[in-house]
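See below for the structure under consideration.
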Amino acid sequence: ATADDAAGKAWHILLLRSTFEDPENTPERVEHVLHTVLDIPIESARQHVLSSQSRMLAVIDHCAERADTFRKVRLFRSLGLVVQVASPAAMAGVARKGPVSKNYIELFQKSLRGTDLVGKRRPMPPLLLSQGPAAGTR
């Protein structure tokens, strides 16, 4: 089995861009947290930070065991990071060709290729703004 095969069956830990809405979560601080918790080189941590800042989220780790995944998630959250978990089922049915994408938005868009849903949004009803209490509601 390749590393890509293992990653496909793993629990994914996602770092959300909203992490950086907290002024204490500077890129340098988040890099340090990722470097320390995941025991990865600082350069790898920096790439995760750049990915999560330029996208809504980025995969920062893969764990084979559910318990290990949620232990890390609790630790990241206790350190102020906004993280989320994607189960192995989240990737089921997505055909992979070429390098594994670390961007779930891209994966979702790829899954829609060949359908009539690509690039389409559902129409939203107009927003009605109230001008005060409706007649007869006082």
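In the structure tokens, the first chain shown is A, the next is B, and so on; residue numbers restart at 1 for each chain, and ligands run from 1 in the order shown.
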For Leu75 of chain A, work out the shell of residues within 10 Å, counting only C-alpha atoms and skipping chain neighbours fewer than 5 positions away, then give it as number ranges by chain. A: 33, 37, 70, 80-81
Take the residues that were just selected and, keeping N, CA, C and O atoms, output them as a PDB file, in the first residue's frame.
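Below you can see out.pdb, which holds the result:
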ATOM      1  N   VAL A  33       2.658  25.861  16.707  1.00  0.00           N
ATOM      2  CA  VAL A  33       1.750  24.847  17.255  1.00  0.00           C
ATOM      3  C   VAL A  33       1.766  23.597  16.377  1.00  0.00           C
ATOM      4  O   VAL A  33       1.896  22.473  16.886  1.00  0.00           O
ATOM      5  N   VAL A  37       2.994  20.054  17.859  1.00  0.00           N
ATOM      6  CA  VAL A  37       2.004  18.989  18.053  1.00  0.00           C
ATOM      7  C   VAL A  37       2.199  17.849  17.062  1.00  0.00           C
ATOM      8  O   VAL A  37       2.127  16.677  17.420  1.00  0.00           O
ATOM      9  N   PHE A  70      -8.982  12.340  17.503  1.00  0.00           N
ATOM     10  CA  PHE A  70      -9.707  13.225  18.399  1.00  0.00           C
ATOM     11  C   PHE A  70      -8.849  13.715  19.562  1.00  0.00           C
ATOM     12  O   PHE A  70      -9.076  14.810  20.079  1.00  0.00           O
ATOM     13  N   GLY A  80      -6.159  26.918  20.849  1.00  0.00           N
ATOM     14  CA  GLY A  80      -6.793  28.036  20.159  1.00  0.00           C
ATOM     15  C   GLY A  80      -6.968  27.889  18.662  1.00  0.00           C
ATOM     16  O   GLY A  80      -7.440  28.816  18.006  1.00  0.00           O
ATOM     17  N   LEU A  81      -6.590  26.742  18.095  1.00  0.00           N
ATOM     18  CA  LEU A  81      -6.758  26.551  16.659  1.00  0.00           C
ATOM     19  C   LEU A  81      -8.181  26.066  16.362  1.00  0.00           C
ATOM     20  O   LEU A  81      -8.786  25.381  17.179  1.00  0.00           O
TER      21      LEU A  81
END
Go ahead and compute the interatomic distance for atom CA of Ala67 of chain A and atom CA of Glu24 of chain A, in Å to one decimal. 28.4 Å
